[in-house]
Amino acid sequence: MSFDLDRLDAFMRRALPGLAGRMLLEPISGGQSNPTFFVTYDNRRLVLRKQPAGELLPSAHAVDREHRIISALKGSGVPVPPALFYCDDRTVVGTPFYLMERLDGRIFHDCTLPGVSPQERSAMYAAMARTLAALHNVDFAGVGLGDYGRPGNYFIRQVSRWSRQWAEIRTRDDADVDRLIAWLPQHIPSDEATSIVHGDYRIGNLMFHPTEPRVVALLDWELSTLGHPLADLAHSAMAWVSAPNEYGGIRGLDLPMLGIPSLESNLAAYDGEARHGVRLDTFHMVFALFRWSMIFEGIAARARIGTANAADAAATEGLAAAFASRAAELI
C-alpha cells in the first residue's frame, strides 16, 4: 500500500464518529484508472476512491468532479452511491480522495450477463435503457451542474479532440481512421441537445440489485460532463455492433435465446423514456466507435513508452484497429 493505513484510520474515525472495530482496506481490482478500495469497519461498509499517485494531466483523474456529480444526483431518480465527503488533504492517502457508502449488488463485465435467466436478462437490459434515459432527463442546471461542462458544439469539439490525438500519437497507417477523420466533421448533426453525459455508459459500469433485475447504482463517473445525450446512447450501443473478442461485444450471438433485446428494441426502450426528442443515427454510432478506437490507441501509445497500468495494454492497438474498422463499415 502506498499510504499509511494508521493515518487513514485515524482520519476516518475523526470524520465519521462511531466507527467500531478494526479498519480493513481491500483494493478493488478492475479497469478503474482511479484506485478504489473497500474500507470496512464492524459497523460501516464504505468505498474510497482516490487519484493515482504521481504527475497527472491537469484535467485527468478528477475525483472532485466524481464526488460532485454523485452528490448532485442524489434524489434525482438516477441511482448513485451515497456520497459522504471529499478530502483534498494529501497527507491522508497521498492524493485527494472521496468516500461513499458501499452498496450490495451485482456487477457484470460480460454483456451476456452470465448466470441469469433469459427473462431476467431482458429485464436488466430494459433497466439499463431506463437508467440512461433518467440520467439524460435530469435538469442539470436545477441540480447545480450548470457549469459542469460546456453546452453546445459537443461533437465538433470531440471530433477535433480525438482527431488531434491521432495526429499526435500516430505510429502506424490506418486507412479506416483516416477515412473517419475526413467523414465525421462533414456529418455532424445540427441539433444542440445537451444533458449530463456519463462518458462510459455500459453494462460493466452498472450495479444491479443482488436478486432483482434493477439498477441500484451507476458507477465510474470519471468521464462525465455536459454533452450530447446520444454520445452516451451510441457508446452503450457499440456492444451490438462489435464481436465478443472486441472488448466483449454481442454481435453474432443468439440474442433471442439469451434474452438480450435487439439494438432496435433497446433504442426504442430508451426513446420511450428520454425527453430530449432526438434519435440515434449513423453519425452517432460512427463517432462512438471512432472515439473508442482513439481511447484504445492512446492506451497502446502509453504502453509503448511504458506508462500504462495494464500488463497487456499493447494488445489494445488491435482493438483500436477493430473499432475503427467497425466504424468504417457503417459509412
# chains A, B, ... in the order shown; residues from 1 in each chain; ligands from 1
>>> residues_around(residues="Pro210 of chain A", least_positions_apart="4", cutoff="9 Å", atoms="only C-alpha atoms", output="list in words")
Asp104, Gly105 and Arg106 of chain A
>>> residues_around(residues="Glu317 of chain A", least_positions_apart="2", cutoff="8 Å", atoms="only C-alpha atoms", output="PyMOL selection string")
chain A and resi 296-297+299-300+314-315+319-321
>>> select_by_dssp(residues="segment 24-202 of chain A", states="strand (DSSP E or B)", output="ChimeraX atom specification")
/A:24-27,36-41,44-50,83-87,97-101,106-107,195-197
>>> closest_residue(among="A:Phe3, A:Ile169, A:Leu206, A:Gly144", to="Lys74 of chain A", atoms="only C-alpha atoms")
A:Gly144
>>> closest_residue(among="A:Ser29, A:Ser265, A:Gln51, A:Thr131", to="Asp232 of chain A", atoms="only C-alpha atoms")
A:Thr131
>>> closest_residue(among="A:Ala167, A:Leu218, A:Met124, A:Leu99", to="Ala15 of chain A", atoms="only C-alpha atoms")
A:Leu99
>>> closest_residue(among="A:Pro79, A:Gly252, A:Pro52, A:Pro35", to="Leu219 of chain A", atoms="only C-alpha atoms")
A:Pro79
>>> residues_around(residues="segment 214-217 of chain A", least_positions_apart="5", cutoff="12 Å", atoms="only C-alpha atoms", output="mmCIF file with C-alpha atoms, in the first residue's frame")
data_model
loop_
_atom_site.group_PDB
_atom_site.id
_atom_site.type_symbol
_atom_site.label_atom_id
_atom_site.label_comp_id
_atom_site.auth_asym_id
_atom_site.auth_seq_id
_atom_site.Cartn_x
_atom_site.Cartn_y
_atom_site.Cartn_z
ATOM 1 C CA ILE A 70 -22.908 11.803 -7.489
ATOM 2 C CA LEU A 73 -27.672 13.420 -8.476
ATOM 3 C CA LYS A 74 -28.900 12.298 -5.048
ATOM 4 C CA GLY A 77 -34.025 9.347 -9.941
ATOM 5 C CA VAL A 78 -30.580 8.322 -11.188
ATOM 6 C CA PRO A 79 -29.238 5.545 -8.940
ATOM 7 C CA VAL A 80 -25.894 6.607 -7.488
ATOM 8 C CA PRO A 81 -23.894 5.551 -4.418
ATOM 9 C CA PRO A 82 -24.491 7.863 -1.438
ATOM 10 C CA ALA A 83 -21.546 10.288 -1.318
ATOM 11 C CA MET A 100 -19.097 6.883 -0.438
ATOM 12 C CA GLU A 101 -21.310 4.226 1.071
ATOM 13 C CA ARG A 102 -20.782 0.686 -0.153
ATOM 14 C CA LEU A 103 -23.828 -0.860 -1.794
ATOM 15 C CA ASP A 104 -24.695 -4.513 -2.252
ATOM 16 C CA GLY A 105 -25.234 -5.662 -5.797
ATOM 17 C CA ARG A 106 -24.031 -7.484 -8.882
ATOM 18 C CA ILE A 107 -21.585 -6.106 -11.443
ATOM 19 C CA PHE A 108 -21.210 -7.860 -14.792
ATOM 20 C CA GLU A 120 -34.097 -11.609 -16.120
ATOM 21 C CA ARG A 121 -31.500 -10.689 -18.731
ATOM 22 C CA SER A 122 -34.187 -8.998 -20.809
ATOM 23 C CA ALA A 123 -35.403 -7.049 -17.776
ATOM 24 C CA MET A 124 -31.860 -5.991 -16.912
ATOM 25 C CA TYR A 125 -31.278 -4.600 -20.383
ATOM 26 C CA ALA A 126 -34.558 -2.697 -20.117
ATOM 27 C CA ALA A 127 -33.370 -1.279 -16.790
ATOM 28 C CA MET A 128 -30.114 -0.235 -18.439
ATOM 29 C CA ALA A 129 -32.036 1.741 -21.091
ATOM 30 C CA ARG A 130 -34.326 3.373 -18.500
ATOM 31 C CA THR A 131 -31.403 4.380 -16.293
ATOM 32 C CA LEU A 132 -29.631 6.123 -19.157
ATOM 33 C CA ALA A 134 -33.259 9.031 -16.458
ATOM 34 C CA LEU A 135 -29.753 10.495 -16.457
ATOM 35 C CA ILE A 203 -23.126 -2.857 -18.622
ATOM 36 C CA GLY A 204 -19.823 -3.043 -16.738
ATOM 37 C CA ASN A 205 -20.451 0.302 -15.041
ATOM 38 C CA LEU A 206 -23.867 -0.663 -13.669
ATOM 39 C CA MET A 207 -24.534 -2.336 -10.344
ATOM 40 C CA PHE A 208 -27.693 -4.436 -10.298
ATOM 41 C CA HIS A 209 -29.694 -5.384 -7.222
#
>>> closest_residue(among="A:Thr194, A:Gly318, A:Ala133, A:Leu84", to="Arg172 of chain A", atoms="only C-alpha atoms")
A:Gly318
>>> select_by_dssp(residues="segment 121-189 of chain A", states="alpha helix (DSSP H)", output="ChimeraX atom specification")
/A:121-137,154-169,175-183
>>> closest_atom_pairs(of="segment 204-241 of chain A", to="segment 195-198 of chain A", cutoff="7 Å", atoms="only C-alpha atoms", output="CSV")
residue,atom,partner,partner_atom,distance
A:Trp221,CA,A:His198,CA,6.1
A:Leu223,CA,A:His198,CA,6.3
A:Ser224,CA,A:His198,CA,4.3
A:Thr225,CA,A:Val197,CA,5.6
A:Leu226,CA,A:Ile196,CA,4.6
A:Gly227,CA,A:Ser195,CA,5.7
A:His228,CA,A:Ser195,CA,6.1
A:Pro229,CA,A:Ser195,CA,5.7
A:Asp232,CA,A:Val197,CA,6.1
>>> residues_around(residues="Ser242 of chain A", least_positions_apart="4", cutoff="12 Å", atoms="only C-alpha atoms", output="list in words")
Cys111, His235, Ser236, Ala237, Met238, Glu246, Tyr247, Gly248, Gly249, Ile250, Arg251, Gly252, Leu253, Leu263, Met285, Ala288, Leu289, Trp292, Ser293, Leu319, Ala322, Phe323, Ala324, Ser325, Arg326, Ala327, Glu329 and Leu330 of chain A
>>> residues_around(residues="Asp4 of chain A", least_positions_apart="3", cutoff="8 Å", atoms="only C-alpha atoms", output="PDB file with all heavy atoms, in the first residue's frame")
ATOM      1  N   MET A   1       0.854  -1.190   0.000  1.00  0.00           N
ATOM      2  CA  MET A   1       0.000   0.000   0.000  1.00  0.00           C
ATOM      3  C   MET A   1       0.890   1.240   0.000  1.00  0.00           C
ATOM      4  O   MET A   1       1.878   1.296   0.731  1.00  0.00           O
ATOM      5  CB  MET A   1      -0.906  -0.008   1.231  1.00  0.00           C
ATOM      6  CG  MET A   1      -2.181   0.775   1.067  1.00  0.00           C
ATOM      7  SD  MET A   1      -3.284   0.049  -0.145  1.00  0.00           S
ATOM      8  CE  MET A   1      -3.648  -1.541   0.627  1.00  0.00           C
ATOM      9  N   ARG A   7      -2.717   6.350   9.520  1.00  0.00           N
ATOM     10  CA  ARG A   7      -3.128   7.741   9.310  1.00  0.00           C
ATOM     11  C   ARG A   7      -4.530   7.802   8.719  1.00  0.00           C
ATOM     12  O   ARG A   7      -5.359   8.620   9.137  1.00  0.00           O
ATOM     13  CB  ARG A   7      -2.127   8.450   8.391  1.00  0.00           C
ATOM     14  CG  ARG A   7      -2.447   9.930   8.183  1.00  0.00           C
ATOM     15  CD  ARG A   7      -1.447  10.613   7.277  1.00  0.00           C
ATOM     16  NE  ARG A   7      -0.132  10.670   7.917  1.00  0.00           N
ATOM     17  CZ  ARG A   7       0.960  10.089   7.433  1.00  0.00           C
ATOM     18  NH1 ARG A   7       0.899   9.393   6.309  1.00  0.00           N
ATOM     19  NH2 ARG A   7       2.114  10.181   8.054  1.00  0.00           N
ATOM     20  N   LEU A   8      -4.814   6.921   7.741  1.00  0.00           N
ATOM     21  CA  LEU A   8      -6.163   6.887   7.175  1.00  0.00           C
ATOM     22  C   LEU A   8      -7.194   6.498   8.240  1.00  0.00           C
ATOM     23  O   LEU A   8      -8.257   7.116   8.344  1.00  0.00           O
ATOM     24  CB  LEU A   8      -6.218   5.893   6.009  1.00  0.00           C
ATOM     25  CG  LEU A   8      -7.613   5.635   5.426  1.00  0.00           C
ATOM     26  CD1 LEU A   8      -8.235   6.913   4.882  1.00  0.00           C
ATOM     27  CD2 LEU A   8      -7.561   4.558   4.353  1.00  0.00           C
ATOM     28  N   VAL A  92      -3.345  12.513   3.957  1.00  0.00           N
ATOM     29  CA  VAL A  92      -4.086  11.341   4.427  1.00  0.00           C
ATOM     30  C   VAL A  92      -3.719  10.099   3.626  1.00  0.00           C
ATOM     31  O   VAL A  92      -3.263   9.088   4.186  1.00  0.00           O
ATOM     32  CB  VAL A  92      -5.611  11.590   4.377  1.00  0.00           C
ATOM     33  CG1 VAL A  92      -6.368  10.363   4.912  1.00  0.00           C
ATOM     34  CG2 VAL A  92      -5.991  12.830   5.185  1.00  0.00           C
ATOM     35  N   VAL A  93      -3.899  10.140   2.301  1.00  0.00           N
ATOM     36  CA  VAL A  93      -3.561   8.981   1.467  1.00  0.00           C
ATOM     37  C   VAL A  93      -2.657   9.365   0.302  1.00  0.00           C
ATOM     38  O   VAL A  93      -2.486   8.601  -0.642  1.00  0.00           O
ATOM     39  CB  VAL A  93      -4.830   8.263   0.936  1.00  0.00           C
ATOM     40  CG1 VAL A  93      -5.640   7.690   2.079  1.00  0.00           C
ATOM     41  CG2 VAL A  93      -5.681   9.201   0.079  1.00  0.00           C
TER      42      VAL A  93
END
>>> residues_around(residues="Val143 of chain A", least_positions_apart="3", cutoff="9 Å", atoms="only C-alpha atoms", output="PyMOL selection string")
chain A and resi 72-73+76+138-140+146
>>> write_last_selection(atoms="all heavy atoms", output="PDB file, in the first residue's frame")
ATOM      1  N   ALA A  72     -24.694  15.641  -6.471  1.00  0.00           N
ATOM      2  CA  ALA A  72     -25.754  16.422  -7.106  1.00  0.00           C
ATOM      3  C   ALA A  72     -26.922  15.547  -7.562  1.00  0.00           C
ATOM      4  O   ALA A  72     -28.072  15.990  -7.573  1.00  0.00           O
ATOM      5  CB  ALA A  72     -25.188  17.192  -8.292  1.00  0.00           C
ATOM      6  N   LEU A  73     -26.628  14.299  -7.939  1.00  0.00           N
ATOM      7  CA  LEU A  73     -27.672  13.420  -8.476  1.00  0.00           C
ATOM      8  C   LEU A  73     -28.489  12.717  -7.387  1.00  0.00           C
ATOM      9  O   LEU A  73     -29.448  12.015  -7.700  1.00  0.00           O
ATOM     10  CB  LEU A  73     -27.059  12.381  -9.415  1.00  0.00           C
ATOM     11  CG  LEU A  73     -26.540  12.933 -10.744  1.00  0.00           C
ATOM     12  CD1 LEU A  73     -25.832  11.848 -11.532  1.00  0.00           C
ATOM     13  CD2 LEU A  73     -27.671  13.541 -11.561  1.00  0.00           C
ATOM     14  N   SER A  76     -32.366  12.389  -7.627  1.00  0.00           N
ATOM     15  CA  SER A  76     -32.763  12.791  -8.983  1.00  0.00           C
ATOM     16  C   SER A  76     -33.500  11.701  -9.738  1.00  0.00           C
ATOM     17  O   SER A  76     -34.028  11.946 -10.818  1.00  0.00           O
ATOM     18  CB  SER A  76     -31.513  13.171  -9.786  1.00  0.00           C
ATOM     19  OG  SER A  76     -30.714  12.014 -10.027  1.00  0.00           O
ATOM     20  N   VAL A 138     -32.336  14.537 -16.459  1.00  0.00           N
ATOM     21  CA  VAL A 138     -32.056  15.396 -15.307  1.00  0.00           C
ATOM     22  C   VAL A 138     -31.880  16.844 -15.757  1.00  0.00           C
ATOM     23  O   VAL A 138     -31.175  17.129 -16.733  1.00  0.00           O
ATOM     24  CB  VAL A 138     -30.793  14.912 -14.557  1.00  0.00           C
ATOM     25  CG1 VAL A 138     -30.352  15.932 -13.512  1.00  0.00           C
ATOM     26  CG2 VAL A 138     -31.045  13.561 -13.896  1.00  0.00           C
ATOM     27  N   ASP A 139     -32.523  17.755 -15.053  1.00  0.00           N
ATOM     28  CA  ASP A 139     -32.315  19.189 -15.257  1.00  0.00           C
ATOM     29  C   ASP A 139     -30.965  19.535 -14.631  1.00  0.00           C
ATOM     30  O   ASP A 139     -30.868  19.782 -13.429  1.00  0.00           O
ATOM     31  CB  ASP A 139     -33.447  19.964 -14.598  1.00  0.00           C
ATOM     32  CG  ASP A 139     -33.260  21.473 -14.653  1.00  0.00           C
ATOM     33  OD1 ASP A 139     -32.242  21.937 -15.215  1.00  0.00           O
ATOM     34  OD2 ASP A 139     -34.114  22.199 -14.102  1.00  0.00           O
ATOM     35  N   PHE A 140     -29.917  19.533 -15.440  1.00  0.00           N
ATOM     36  CA  PHE A 140     -28.566  19.659 -14.875  1.00  0.00           C
ATOM     37  C   PHE A 140     -28.358  21.000 -14.183  1.00  0.00           C
ATOM     38  O   PHE A 140     -27.675  21.076 -13.156  1.00  0.00           O
ATOM     39  CB  PHE A 140     -27.494  19.400 -15.943  1.00  0.00           C
ATOM     40  CG  PHE A 140     -27.589  20.244 -17.188  1.00  0.00           C
ATOM     41  CD1 PHE A 140     -27.023  21.496 -17.238  1.00  0.00           C
ATOM     42  CD2 PHE A 140     -28.235  19.752 -18.310  1.00  0.00           C
ATOM     43  CE1 PHE A 140     -27.090  22.266 -18.386  1.00  0.00           C
ATOM     44  CE2 PHE A 140     -28.314  20.512 -19.467  1.00  0.00           C
ATOM     45  CZ  PHE A 140     -27.744  21.780 -19.508  1.00  0.00           C
ATOM     46  N   GLY A 146     -24.919  23.334 -13.776  1.00  0.00           N
ATOM     47  CA  GLY A 146     -24.954  24.161 -14.977  1.00  0.00           C
ATOM     48  C   GLY A 146     -23.589  24.506 -15.521  1.00  0.00           C
ATOM     49  O   GLY A 146     -23.443  24.807 -16.713  1.00  0.00           O
TER      50      GLY A 146
END
